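**Student:** Below you will find the structure I want to go over with you.
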Amino acid sequence: MAEPTYEELKSRLAELEKQGTGRRSGQLEFRVGEKGGVSVYGLGRFPVTLYYEQWTRLLDAAPQLRAFLEENKSAGKLKLKEK
């Protein structure tokens, strides 16, 4: 089998880039692992994995978490992404 030329590789790469959005699409992806943990991909470099009970506790605490974040945001304590 012959080695592909530089031009063939370049065109193939362009095709692949058009087809699929890479891992950094900005969308969140959810997966269930072998041990029953639910992982969220797309928040950062590594997935966040919690079990069902932990996710429900976290979701129930969402209003308190939002309030906490806003308090600390106004105090200038949080590292915020620059736009």
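We label chains A, B, ... in the order they appear in the structure tokens, count residues from 1 in each chain, and number ligands from 1 in the order shown.
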Could you pull out all residues of chain A with a DSSP call of alpha helix (DSSP H) and give them as a PyMOL selection string?

**Tutor:** chain A and resi 6-19+52-60+62-74

**Student:** May I have all residues of chain A that DSSP, computed from the backbone, assigns to strand (DSSP E), given as JSON, numbers by chain?

**Tutor:** {"A": [29, 30, 31, 32, 38, 39, 40, 41, 48, 49, 50]}

**Student:** I'd like to know which of A:Gly37, A:Glu8, A:Leu69, A:Ala2 is closest to Trp55 (chain A), using only C-alpha atoms.

**Tutor:**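 The answer is A:Gly37, which sits nearest to Trp55 (chain A).
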
**Student:** Excluding Leu28 (chain A) and residues on its chain fewer than 6 positions from it, collect all residues at most 9 Å away from it, counting only C-alpha atoms, and give them as a VMD selection string.

**Tutor:** chain A and resid 40 to 43

**Student:** Could you dump the residues just selected with N, CA and C atoms as a short mmCIF file (atom, residue, chain, number, x, y, z; two decimals), in the first residue's frame?

**Tutor:**
data_model
loop_
_atom_site.label_atom_id
_atom_site.label_comp_id
_atom_site.auth_asym_id
_atom_site.auth_seq_id
_atom_site.Cartn_x
_atom_site.Cartn_y
_atom_site.Cartn_z
N VAL A 40 -19.82 14.30 33.33
CA VAL A 40 -20.14 15.44 32.46
C VAL A 40 -18.83 15.86 31.80
N TYR A 41 -18.82 15.83 30.49
CA TYR A 41 -17.66 16.24 29.71
C TYR A 41 -17.96 17.61 29.10
N GLY A 42 -16.93 18.41 28.93
CA GLY A 42 -17.09 19.70 28.27
C GLY A 42 -17.02 20.89 29.20
N LEU A 43 -16.86 20.65 30.49
CA LEU A 43 -16.73 21.77 31.43
C LEU A 43 -15.29 22.25 31.52
#

**Student:** From the list A:Ala67, A:Ser11, A:Pro4, A:Arg45, which residue is nearest Gly26 (chain A) when using only C-alpha atoms?

**Tutor:**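 Counting only C-alpha atoms, the residue closest to Gly26 (chain A) is A:Arg45.
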
**Student:** Tell me which of A:Glu34, A:Glu29, A:Glu17, A:Glu70 sits closest to Tyr51 (chain A), counting only C-alpha atoms.

**Tutor:**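 Among the listed residues, the smallest separation from Tyr51 (chain A) belongs to A:Glu34.
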
**Student:** How many Å separate CA of Val48 (chain A) from CA of Phe30 (chain A)?

**Tutor:** 9.7 Å
